[in-house]
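Structure file coords.cif with mmCIF, C-alpha atoms:
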data_run
#
loop_
_atom_site.label_atom_id
_atom_site.label_comp_id
_atom_site.auth_asym_id
_atom_site.auth_seq_id
_atom_site.Cartn_x
_atom_site.Cartn_y
_atom_site.Cartn_z
CA MET T 1 71.08 -2.83 -17.66
CA ARG T 2 71.27 -5.37 -20.48
CA VAL T 3 74.85 -6.55 -20.74
CA ASP T 4 74.51 -7.57 -24.39
CA LEU T 5 73.87 -3.95 -25.42
CA VAL T 6 77.28 -2.81 -24.14
CA PRO T 7 79.61 -5.82 -23.96
CA ASP T 8 82.89 -5.53 -22.11
CA GLY T 9 84.83 -5.14 -25.36
CA LEU T 10 82.83 -2.07 -26.39
CA TRP T 11 82.84 -0.50 -22.93
CA GLU T 12 86.60 -0.94 -22.50
CA ARG T 13 87.15 1.07 -25.67
CA VAL T 14 84.55 3.76 -25.02
CA ALA T 15 85.23 4.47 -21.33
CA PRO T 16 88.70 6.09 -21.79
CA LEU T 17 87.26 8.45 -24.41
CA LEU T 18 84.41 9.85 -22.30
CA PRO T 19 84.81 13.31 -20.78
CA PRO T 20 85.06 13.43 -16.98
CA ALA T 21 81.79 13.67 -15.08
CA PRO T 22 81.04 17.04 -13.45
CA ARG T 23 81.85 17.27 -9.77
CA ARG T 24 78.94 16.88 -7.38
CA ARG T 25 78.02 19.61 -4.95
CA HIS T 26 78.77 18.88 -1.29
CA ARG T 27 75.87 20.55 0.44
CA HIS T 28 73.04 19.73 -1.98
CA PRO T 29 74.32 16.92 -4.23
CA GLY T 30 70.91 16.03 -5.65
CA ARG T 31 70.30 12.75 -7.44
CA LEU T 32 73.05 10.30 -8.10
CA ARG T 33 74.42 10.52 -11.63
CA VAL T 34 73.33 7.71 -13.94
CA PRO T 35 76.35 5.49 -14.72
CA ASP T 36 77.85 6.15 -18.13
CA ARG T 37 77.60 2.49 -19.10
CA ALA T 38 73.85 2.50 -18.43
CA ALA T 39 73.43 5.62 -20.56
CA LEU T 40 75.48 4.06 -23.35
CA ALA T 41 73.26 0.97 -23.20
CA ASP T 42 70.26 3.24 -23.68
CA ILE T 43 71.89 4.93 -26.68
CA VAL T 44 72.75 1.58 -28.28
CA SER T 45 69.20 0.36 -27.61
CA VAL T 46 67.75 3.34 -29.50
CA LEU T 47 70.29 2.88 -32.30
CA ARG T 48 69.38 -0.77 -32.73
CA THR T 49 65.61 -0.67 -32.29
CA GLY T 50 64.77 2.81 -33.59
CA VAL T 51 62.45 3.49 -30.64
CA ALA T 52 61.78 7.13 -29.71
CA TRP T 53 63.88 8.48 -26.85
CA ARG T 54 60.84 9.18 -24.69
CA ASP T 55 59.57 5.60 -25.15
CA VAL T 56 62.69 3.81 -23.90
CA PRO T 57 61.71 1.67 -20.88
CA ALA T 58 64.08 2.80 -18.14
CA GLN T 59 63.61 -0.36 -16.07
CA ALA T 60 64.77 -2.51 -19.00
CA VAL T 61 67.92 -0.57 -19.88
CA GLY T 62 69.01 1.45 -16.89
CA CYS T 63 68.03 5.11 -17.32
CA SER T 64 65.45 7.28 -19.03
CA GLY T 65 65.66 8.06 -22.72
CA VAL T 66 65.87 11.80 -22.04
CA THR T 67 68.92 11.27 -19.84
CA ALA T 68 70.53 9.13 -22.52
CA TRP T 69 69.81 11.77 -25.17
CA ARG T 70 71.52 14.42 -23.06
CA ARG T 71 74.50 12.13 -22.58
CA LEU T 72 74.56 11.49 -26.37
CA ARG T 73 74.54 15.23 -26.99
CA GLY T 74 77.44 15.84 -24.60
CA TRP T 75 79.53 12.96 -25.90
CA THR T 76 78.88 13.96 -29.51
CA GLU T 77 80.00 17.51 -28.84
CA ALA T 78 83.12 16.07 -27.13
CA GLY T 79 83.99 14.08 -30.28
CA VAL T 80 83.79 10.65 -28.64
CA TRP T 81 82.35 8.70 -31.58
CA PRO T 82 84.89 9.61 -34.32
CA ARG T 83 87.72 8.81 -31.88
CA LEU T 84 86.13 5.45 -31.08
CA HIS T 85 85.86 4.68 -34.80
CA THR T 86 89.49 5.66 -35.38
CA ALA T 87 90.72 3.56 -32.46
CA LEU T 88 88.93 0.48 -33.80
CA LEU T 89 90.29 1.05 -37.31
CA THR T 90 93.77 1.12 -35.78
CA GLU T 91 93.13 -2.20 -34.06
CA LEU T 92 91.89 -3.70 -37.31
CA ARG T 93 95.00 -2.58 -39.17
CA ARG T 94 97.22 -3.96 -36.42
CA ALA T 95 95.44 -7.30 -36.83
CA ASP T 96 95.93 -7.13 -40.63
CA LEU T 97 92.17 -6.95 -41.19
CA LEU T 98 92.11 -3.79 -43.33
CA ASP T 99 92.85 -3.38 -47.02
CA LEU T 100 93.85 0.21 -47.67
CA ASP T 101 94.86 -0.51 -51.24
CA ALA T 102 91.37 -0.87 -52.75
CA CYS T 103 88.40 1.14 -51.49
CA ALA T 104 84.86 1.80 -52.74
CA VAL T 105 82.60 4.81 -52.30
CA ASP T 106 78.82 5.23 -52.60
CA GLY T 107 75.80 7.14 -51.26
CA SER T 108 72.34 6.18 -50.02
CA HIS T 109 69.15 8.17 -49.34
CA VAL T 110 67.15 8.18 -46.09
CA ARG T 111 63.95 10.04 -45.32
CA ALA T 112 64.18 12.92 -42.80
CA LEU T 113 60.87 13.20 -40.99
CA LYS T 114 61.63 16.21 -38.77
CA GLY T 115 63.76 18.38 -41.00
CA GLY T 116 66.89 20.04 -39.70
CA HIS T 117 70.31 20.74 -41.13
CA HIS T 118 71.57 18.74 -44.12
CA VAL T 119 68.03 18.03 -45.33
CA GLY T 120 66.79 18.59 -48.88
CA PRO T 121 64.20 17.36 -51.38
CA SER T 122 65.08 13.81 -52.28
CA PRO T 123 65.04 13.10 -56.05
CA VAL T 124 64.29 9.42 -55.41
CA ASP T 125 61.40 10.01 -52.96
CA ARG T 126 59.11 12.46 -54.79
CA ALA T 127 61.00 15.46 -53.41
CA ARG T 128 60.14 14.60 -49.82
CA PRO T 129 62.62 15.89 -47.22
CA GLY T 130 65.56 13.56 -46.97
CA SER T 131 69.24 13.19 -46.23
CA LYS T 132 72.01 11.17 -47.75
CA HIS T 133 74.64 8.93 -46.20
CA HIS T 134 77.99 8.77 -47.99
CA VAL T 135 80.47 6.06 -47.08
CA ILE T 136 83.93 4.89 -48.15
CA VAL T 137 84.87 1.29 -47.34
CA ASP T 138 87.71 -1.15 -47.89
CA ARG T 139 87.45 -4.33 -49.95
CA TRP T 140 85.77 -6.14 -47.04
CA GLY T 141 83.13 -3.46 -46.48
CA THR T 142 84.70 -1.99 -43.33
CA PRO T 143 83.68 1.70 -43.20
CA PHE T 144 86.57 4.16 -43.12
CA ALA T 145 84.53 7.37 -43.13
CA VAL T 146 80.89 8.43 -43.35
CA THR T 147 79.35 11.84 -44.04
CA LEU T 148 75.86 13.33 -44.08
CA THR T 149 74.38 15.72 -46.68
CA GLY T 150 70.98 16.86 -47.89
CA GLY T 151 68.91 14.49 -49.99
CA ASN T 152 69.38 16.65 -53.09
CA GLY T 153 73.18 16.60 -52.91
CA HIS T 154 75.07 14.86 -55.70
CA ASP T 155 77.33 11.97 -54.77
CA ILE T 156 80.34 13.56 -56.44
CA THR T 157 80.26 16.53 -54.06
CA GLN T 158 81.24 14.20 -51.21
CA LEU T 159 84.06 12.35 -52.96
CA LEU T 160 86.89 14.58 -51.73
CA PRO T 161 85.30 15.29 -48.30
CA LEU T 162 85.07 11.52 -47.75
CA LEU T 163 88.73 11.07 -48.60
CA ASP T 164 89.63 13.95 -46.28
CA ALA T 165 87.49 12.37 -43.53
CA ILE T 166 89.57 9.17 -43.47
CA PRO T 167 91.58 9.46 -40.25
CA PRO T 168 95.29 8.63 -40.11
CA ILE T 169 95.15 4.90 -39.39
CA ARG T 170 98.06 3.64 -37.34
CA GLY T 171 98.65 0.12 -36.08
CA LEU T 172 101.77 -0.79 -38.06
CA ARG T 173 105.30 0.54 -38.13
CA GLY T 174 105.78 3.49 -40.43
CA HIS T 175 103.63 6.43 -41.40
CA PRO T 176 99.88 6.12 -40.73
CA ARG T 177 97.76 5.47 -43.81
CA HIS T 178 94.99 7.88 -44.67
CA ARG T 179 94.27 7.31 -48.36
CA PRO T 180 93.75 4.30 -50.64
CA ARG T 181 95.74 3.41 -53.72
CA ARG T 182 92.68 2.60 -55.86
CA LEU T 183 89.14 3.93 -55.55
CA TYR T 184 86.14 2.16 -57.09
CA ALA T 185 82.90 4.02 -57.82
CA ASP T 186 79.83 3.87 -60.05
CA ARG T 187 78.89 6.14 -62.96
CA GLY T 188 77.68 8.91 -60.68
CA TYR T 189 81.32 9.74 -59.94
CA ASP T 190 82.46 9.83 -63.59
CA PHE T 191 83.75 13.40 -63.96
CA ALA T 192 87.05 14.23 -65.62
CA LYS T 193 87.80 16.94 -63.05
CA TYR T 194 87.59 14.51 -60.15
CA ARG T 195 89.57 11.86 -61.96
CA ARG T 196 92.40 14.40 -62.27
CA LEU T 197 92.08 15.36 -58.60
CA LEU T 198 92.32 11.70 -57.58
CA TRP T 199 95.46 11.20 -59.68
CA LYS T 200 97.01 14.27 -58.03
CA ARG T 201 96.43 12.64 -54.66
CA GLY T 202 98.15 9.47 -55.81
CA ILE T 203 94.87 7.53 -56.07
CA LYS T 204 94.03 5.54 -59.17
CA PRO T 205 90.36 6.13 -60.11
CA MET T 206 88.49 2.94 -61.01
CA ILE T 207 85.20 4.57 -61.98
CA ALA T 208 82.58 3.18 -64.35
CA ARG T 209 82.16 5.23 -67.54
CA ARG T 210 78.91 6.99 -68.35
CA GLY T 211 77.42 6.17 -71.72
CA HIS T 212 79.06 2.75 -71.84
CA ALA T 213 77.22 -0.54 -71.62
CA HIS T 214 77.18 -2.41 -68.34
CA GLY T 215 79.75 -5.11 -67.89
CA SER T 216 82.85 -3.19 -66.84
CA GLY T 217 83.53 -5.78 -64.14
CA LEU T 218 83.85 -3.13 -61.42
CA GLY T 219 80.70 -4.43 -59.76
CA LYS T 220 82.73 -7.35 -58.43
CA VAL T 221 84.53 -4.84 -56.22
CA ARG T 222 82.00 -2.05 -55.67
CA TRP T 223 79.32 -4.27 -54.13
CA VAL T 224 81.02 -4.07 -50.72
CA ALA T 225 79.78 -0.47 -50.40
CA GLU T 226 76.21 -1.74 -50.76
CA ARG T 227 76.89 -4.36 -48.11
CA ALA T 228 78.17 -1.63 -45.77
CA PHE T 229 74.87 0.21 -46.20
CA ALA T 230 73.04 -3.03 -45.43
CA TRP T 231 75.04 -3.31 -42.20
CA LEU T 232 74.21 0.29 -41.30
CA ARG T 233 70.51 -0.33 -42.00
CA GLN T 234 70.54 -3.10 -39.41
CA PHE T 235 70.57 -0.21 -36.94
CA LYS T 236 66.94 0.83 -37.31
CA ARG T 237 67.54 4.37 -36.08
CA LEU T 238 69.57 4.99 -39.24
CA ARG T 239 66.91 3.79 -41.68
CA THR T 240 65.02 7.05 -41.19
CA ARG T 241 66.49 10.25 -39.87
CA TYR T 242 64.63 11.47 -36.78
CA GLU T 243 67.27 13.78 -35.27
CA GLN T 244 66.91 17.43 -36.28
CA ARG T 245 70.49 18.09 -35.26
CA ALA T 246 72.80 16.84 -37.98
CA ASP T 247 75.69 16.33 -35.56
CA LEU T 248 73.66 13.88 -33.44
CA HIS T 249 72.69 11.81 -36.48
CA GLN T 250 76.32 11.91 -37.63
CA GLY T 251 77.36 10.77 -34.16
CA LEU T 252 75.01 7.79 -34.36
CA LEU T 253 76.51 6.96 -37.76
CA HIS T 254 80.01 6.96 -36.27
CA LEU T 255 78.86 4.80 -33.36
CA ALA T 256 77.31 2.30 -35.76
CA CYS T 257 80.56 2.22 -37.79
CA GLY T 258 82.49 1.57 -34.58
CA ILE T 259 80.21 -1.32 -33.66
CA ILE T 260 80.64 -2.78 -37.17
CA CYS T 261 84.43 -2.56 -36.81
CA LEU T 262 84.24 -4.20 -33.39
CA ARG T 263 82.18 -7.08 -34.80
CA ARG T 264 84.78 -7.71 -37.48
CA LEU T 265 87.54 -7.59 -34.89
CA ARG T 266 85.74 -10.07 -32.60
CA LYS T 267 85.06 -12.51 -35.46
CA SER T 268 88.79 -12.69 -36.16
CA LEU T 269 89.71 -13.63 -32.58
#

Take the structure in the file and give it back as structure tokens.
Amino acid sequence: MRVDLVPDGLWERVAPLLPPAPRRRHRHPGRLRVPDRAALADIVSVLRTGVAWRDVPAQAVGCSGVTAWRRLRGWTEAGVWPRLHTALLTELRRADLLDLDACAVDGSHVRALKGGHHVGPSPVDRARPGSKHHVIVDRWGTPFAVTLTGGNGHDITQLLPLLDAIPPIRGLRGHPRHRPRRLYADRGYDFAKYRRLLWKRGIKPMIARRGHAHGSGLGKVRWVAERAFAWLRQFKRLRTRYEQRADLHQGLLHLACGIICLRRLRKSL
């Protein structure tokens, strides 16, 4: 198993979240269970390189790709990845490395080669099947929440679901934070209805106006959302959607967000 795929810092945070392994039979125990850390290394290898599960070299990582896929399926259904992401956000807030006052939101298209749920004709890819990643980040580009929709979904439809997806972030004394004070967005989010809904939630909308010339100055703040997508695209498995099951692709998105948060935390130490 390659140690650099699952460093000690990542494993120490993932291990307590994993569901207990099933008990082995006494009379006919069968094969030994592949260690969870080896399976996680396989999952991270696929996430980074984009290689197909069946093509993962077991001798290089530690187990077969099929075994790792089954482990990914079980851990996704157990909700491991969102809890990992939330735990790392809490650590970042405790270290004063989050800015919950100013956040930015945006969406990005990816091609979906095998169809599945949350797939639709992409308006930016000649109506080919595609999906869309939606992300909300702080002023440094740290992802708070990420969602998945069909490629034909409008960005504005995910504005409130993204805000609802932000977990209660603890780490400091007082009530946990789960919403920003200001939200920056481009012209695709310029709807009077949603501006009113943001004000009702106590969030000041900083959204570029449609029909106005460029030069609002909001680009100096909103660019961090584009940088977050660039960080996510470093994980080659996320550049194109191969998973038919939307929950597995969503799980890989949460794992990538957790790794991004861990990188930021390690750089500050």

Residues picked by the PyMOL selection byres ((chain T and resi 142-147) around 7) here, as a PDB file with C-alpha atoms, keeping the file's coordinate frame?
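The resulting file, part03.pdb, is shown below:
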ATOM      1  CA  HIS T 133      74.640   8.930 -46.200  1.00  0.00           C
ATOM      2  CA  HIS T 134      77.990   8.770 -47.990  1.00  0.00           C
ATOM      3  CA  VAL T 135      80.470   6.060 -47.080  1.00  0.00           C
ATOM      4  CA  ILE T 136      83.930   4.890 -48.150  1.00  0.00           C
ATOM      5  CA  VAL T 137      84.870   1.290 -47.340  1.00  0.00           C
ATOM      6  CA  ASP T 138      87.710  -1.150 -47.890  1.00  0.00           C
ATOM      7  CA  TRP T 140      85.770  -6.140 -47.040  1.00  0.00           C
ATOM      8  CA  GLY T 141      83.130  -3.460 -46.480  1.00  0.00           C
ATOM      9  CA  LEU T 148      75.860  13.330 -44.080  1.00  0.00           C
ATOM     10  CA  THR T 149      74.380  15.720 -46.680  1.00  0.00           C
ATOM     11  CA  LEU T 162      85.070  11.520 -47.750  1.00  0.00           C
ATOM     12  CA  ALA T 165      87.490  12.370 -43.530  1.00  0.00           C
ATOM     13  CA  ILE T 166      89.570   9.170 -43.470  1.00  0.00           C
ATOM     14  CA  ALA T 228      78.170  -1.630 -45.770  1.00  0.00           C
ATOM     15  CA  CYS T 257      80.560   2.220 -37.790  1.00  0.00           C
ATOM     16  CA  CYS T 261      84.430  -2.560 -36.810  1.00  0.00           C
TER      17      CYS T 261
END

Practice task
Tell me, as a PyMOL selection string, which residues lie within 10 Å of stretch 117-124 of chain T, counting only C-alpha atoms; anything in the same chain fewer than 6 positions away does not count.
Solution key: chain T and resi 109-111+130-132+148-153+241+243-247

Problem - Test item: the PyMOL selection byres ((chain T and resi 183-198) around 8) resolved as a PyMOL selection string - result: chain T and resi 102-106+155-156+159+180-182+199-210+218+221-222

Practice task
Please identify all polymer residues within 7 Å of T:Leu47, counting only C-alpha atoms, omitting same-chain residues fewer than 2 positions from it, and present them as a list of chain:residue names.
Solution key: T:Ile43, T:Val44, T:Ser45, T:Thr49, T:Gly50, T:Phe235, T:Lys236, T:Arg237

Exercise for the section: Extract, using only C-alpha atoms, all DNA, RNA and protein residues at most 10 Å from stretch 9-16 of chain T, discarding same-chain residues fewer than 2 positions from it, and format them as an MDAnalysis selection string. Expected result: chainID T and resid 5:7 18:20 36:37 40:41 80:81 83:85 87:88 258:259 262:263 266

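From atom CA of T:Thr90 back to atom CA of T:Ala21, the distance works out to 27.0 Å.
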
Problem - Between atom CA of T:Asp4 and atom CA of T:Ala78, distance in Å (one decimal) - result: 25.3 Å

Exercise for the section: Considering all atoms listed in the file, state which residue in the set T:Ala95, T:Ala225, T:Ala112, T:Ala52 is at the smallest distance from T:Gly65. Expected result: T:Ala52

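For the residues T:Leu253, T:Ile169, T:Leu232, T:Leu17, ranking by smallest atom-to-atom distance to T:Trp75 using only C-alpha atoms places T:Leu17 first.
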
Handout entry: One-decimal distance in Å that lies between atom CA of T:Asp125 and atom CA of T:Arg233
Key =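 Separation between atom CA of T:Arg233 and atom CA of T:Asp125: 17.6 Å.
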
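Each of T:Ile260, T:Arg173, T:Gly79, T:Val66 was checked against T:Val46 using only C-alpha atoms; the smallest atom-to-atom distance is that of T:Val66.
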
Problem - Residues matched by the PyMOL selection byres ((chain T and resi 176) around 12) as a PyMOL selection string - result: chain T and resi 86+89-90+93-94+100+166-175+177-180

Practice task
Find, counting all atoms listed in the file, the residue in T:Lys267, T:Ala256, T:Glu77, T:Leu238 that gets nearest to T:Val51.
Solution key: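 Ranking T:Lys267, T:Ala256, T:Glu77, T:Leu238 by distance to T:Val51, first place goes to T:Leu238.
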
Exercise for the section: Pick out the closest residue to T:Arg239 from this set: T:Arg48, T:Arg139, T:Arg33, T:Arg227. Count all atoms listed in the file. Expected result: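 For T:Arg239, the nearest of the candidates is T:Arg48.
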
Exercise for the section: Using only C-alpha atoms, pick whichever of T:Trp53, T:His254, T:Leu248, T:Gln234 has the shortest atom-to-atom distance to T:Gly116. Expected result: T:Leu248

Could you add all heavy atoms to stretch 158-169 of chain T and give me the result as a PDB file, in the coordinates of the input?
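Okay, rebuild.pdb is ready:
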ATOM      1  N   GLN T 158      80.703  14.756 -52.438  1.00  0.00           N
ATOM      2  CA  GLN T 158      81.240  14.200 -51.210  1.00  0.00           C
ATOM      3  C   GLN T 158      82.443  13.297 -51.447  1.00  0.00           C
ATOM      4  O   GLN T 158      82.934  12.680 -50.502  1.00  0.00           O
ATOM      5  CB  GLN T 158      80.168  13.427 -50.460  1.00  0.00           C
ATOM      6  CG  GLN T 158      79.123  14.304 -49.817  1.00  0.00           C
ATOM      7  CD  GLN T 158      79.725  15.264 -48.812  1.00  0.00           C
ATOM      8  OE1 GLN T 158      80.323  14.857 -47.817  1.00  0.00           O
ATOM      9  NE2 GLN T 158      79.587  16.561 -49.066  1.00  0.00           N
ATOM     10  N   LEU T 159      82.923  13.221 -52.682  1.00  0.00           N
ATOM     11  CA  LEU T 159      84.060  12.350 -52.960  1.00  0.00           C
ATOM     12  C   LEU T 159      85.319  12.823 -52.221  1.00  0.00           C
ATOM     13  O   LEU T 159      85.932  12.064 -51.452  1.00  0.00           O
ATOM     14  CB  LEU T 159      84.325  12.296 -54.464  1.00  0.00           C
ATOM     15  CG  LEU T 159      85.511  11.444 -54.898  1.00  0.00           C
ATOM     16  CD1 LEU T 159      85.336   9.996 -54.454  1.00  0.00           C
ATOM     17  CD2 LEU T 159      85.705  11.511 -56.414  1.00  0.00           C
ATOM     18  N   LEU T 160      85.694  14.064 -52.404  1.00  0.00           N
ATOM     19  CA  LEU T 160      86.890  14.580 -51.730  1.00  0.00           C
ATOM     20  C   LEU T 160      86.678  14.744 -50.224  1.00  0.00           C
ATOM     21  O   LEU T 160      87.593  14.425 -49.449  1.00  0.00           O
ATOM     22  CB  LEU T 160      87.312  15.905 -52.368  1.00  0.00           C
ATOM     23  CG  LEU T 160      87.696  15.827 -53.850  1.00  0.00           C
ATOM     24  CD1 LEU T 160      88.174  17.177 -54.349  1.00  0.00           C
ATOM     25  CD2 LEU T 160      88.755  14.758 -54.086  1.00  0.00           C
ATOM     26  N   PRO T 161      85.513  15.249 -49.758  1.00  0.00           N
ATOM     27  CA  PRO T 161      85.300  15.290 -48.300  1.00  0.00           C
ATOM     28  C   PRO T 161      85.389  13.915 -47.641  1.00  0.00           C
ATOM     29  O   PRO T 161      85.880  13.808 -46.509  1.00  0.00           O
ATOM     30  CB  PRO T 161      83.897  15.886 -48.160  1.00  0.00           C
ATOM     31  CG  PRO T 161      83.740  16.741 -49.365  1.00  0.00           C
ATOM     32  CD  PRO T 161      84.452  15.995 -50.464  1.00  0.00           C
ATOM     33  N   LEU T 162      84.942  12.859 -48.312  1.00  0.00           N
ATOM     34  CA  LEU T 162      85.070  11.520 -47.750  1.00  0.00           C
ATOM     35  C   LEU T 162      86.524  11.115 -47.624  1.00  0.00           C
ATOM     36  O   LEU T 162      86.937  10.547 -46.606  1.00  0.00           O
ATOM     37  CB  LEU T 162      84.306  10.516 -48.612  1.00  0.00           C
ATOM     38  CG  LEU T 162      82.843  10.246 -48.272  1.00  0.00           C
ATOM     39  CD1 LEU T 162      82.231   9.314 -49.299  1.00  0.00           C
ATOM     40  CD2 LEU T 162      82.710   9.651 -46.884  1.00  0.00           C
ATOM     41  N   LEU T 163      87.301  11.393 -48.660  1.00  0.00           N
ATOM     42  CA  LEU T 163      88.730  11.070 -48.600  1.00  0.00           C
ATOM     43  C   LEU T 163      89.421  11.855 -47.496  1.00  0.00           C
ATOM     44  O   LEU T 163      90.288  11.327 -46.789  1.00  0.00           O
ATOM     45  CB  LEU T 163      89.380  11.343 -49.953  1.00  0.00           C
ATOM     46  CG  LEU T 163      88.984  10.397 -51.096  1.00  0.00           C
ATOM     47  CD1 LEU T 163      89.523  10.919 -52.414  1.00  0.00           C
ATOM     48  CD2 LEU T 163      89.488   8.990 -50.827  1.00  0.00           C
ATOM     49  N   ASP T 164      89.034  13.135 -47.338  1.00  0.00           N
ATOM     50  CA  ASP T 164      89.630  13.950 -46.280  1.00  0.00           C
ATOM     51  C   ASP T 164      89.194  13.475 -44.893  1.00  0.00           C
ATOM     52  O   ASP T 164      89.900  13.725 -43.904  1.00  0.00           O
ATOM     53  CB  ASP T 164      89.242  15.417 -46.462  1.00  0.00           C
ATOM     54  CG  ASP T 164      89.847  16.020 -47.720  1.00  0.00           C
ATOM     55  OD1 ASP T 164      90.893  15.505 -48.177  1.00  0.00           O
ATOM     56  OD2 ASP T 164      89.262  16.990 -48.259  1.00  0.00           O
ATOM     57  N   ALA T 165      88.014  12.822 -44.817  1.00  0.00           N
ATOM     58  CA  ALA T 165      87.490  12.370 -43.530  1.00  0.00           C
ATOM     59  C   ALA T 165      88.147  11.076 -43.046  1.00  0.00           C
ATOM     60  O   ALA T 165      87.951  10.696 -41.885  1.00  0.00           O
ATOM     61  CB  ALA T 165      85.980  12.187 -43.599  1.00  0.00           C
ATOM     62  N   ILE T 166      88.882  10.388 -43.917  1.00  0.00           N
ATOM     63  CA  ILE T 166      89.570   9.170 -43.470  1.00  0.00           C
ATOM     64  C   ILE T 166      90.641   9.557 -42.471  1.00  0.00           C
ATOM     65  O   ILE T 166      91.549  10.333 -42.789  1.00  0.00           O
ATOM     66  CB  ILE T 166      90.189   8.424 -44.662  1.00  0.00           C
ATOM     67  CG1 ILE T 166      89.116   7.997 -45.660  1.00  0.00           C
ATOM     68  CG2 ILE T 166      90.964   7.201 -44.179  1.00  0.00           C
ATOM     69  CD1 ILE T 166      89.668   7.314 -46.894  1.00  0.00           C
ATOM     70  N   PRO T 167      90.580   9.067 -41.250  1.00  0.00           N
ATOM     71  CA  PRO T 167      91.580   9.460 -40.250  1.00  0.00           C
ATOM     72  C   PRO T 167      92.923   8.780 -40.522  1.00  0.00           C
ATOM     73  O   PRO T 167      92.977   7.747 -41.203  1.00  0.00           O
ATOM     74  CB  PRO T 167      90.968   8.955 -38.940  1.00  0.00           C
ATOM     75  CG  PRO T 167      90.154   7.769 -39.349  1.00  0.00           C
ATOM     76  CD  PRO T 167      89.598   8.105 -40.716  1.00  0.00           C
ATOM     77  N   PRO T 168      94.014   9.342 -40.021  1.00  0.00           N
ATOM     78  CA  PRO T 168      95.290   8.630 -40.110  1.00  0.00           C
ATOM     79  C   PRO T 168      95.222   7.326 -39.314  1.00  0.00           C
ATOM     80  O   PRO T 168      95.050   7.343 -38.102  1.00  0.00           O
ATOM     81  CB  PRO T 168      96.292   9.620 -39.494  1.00  0.00           C
ATOM     82  CG  PRO T 168      95.608  10.952 -39.537  1.00  0.00           C
ATOM     83  CD  PRO T 168      94.148  10.678 -39.400  1.00  0.00           C
ATOM     84  N   ILE T 169      95.330   6.202 -40.012  1.00  0.00           N
ATOM     85  CA  ILE T 169      95.150   4.900 -39.390  1.00  0.00           C
ATOM     86  C   ILE T 169      96.519   4.319 -39.062  1.00  0.00           C
ATOM     87  O   ILE T 169      97.309   4.005 -39.957  1.00  0.00           O
ATOM     88  CB  ILE T 169      94.357   3.947 -40.309  1.00  0.00           C
ATOM     89  CG1 ILE T 169      93.015   4.586 -40.685  1.00  0.00           C
ATOM     90  CG2 ILE T 169      94.132   2.597 -39.635  1.00  0.00           C
ATOM     91  CD1 ILE T 169      92.227   3.785 -41.696  1.00  0.00           C
TER      92      ILE T 169
END
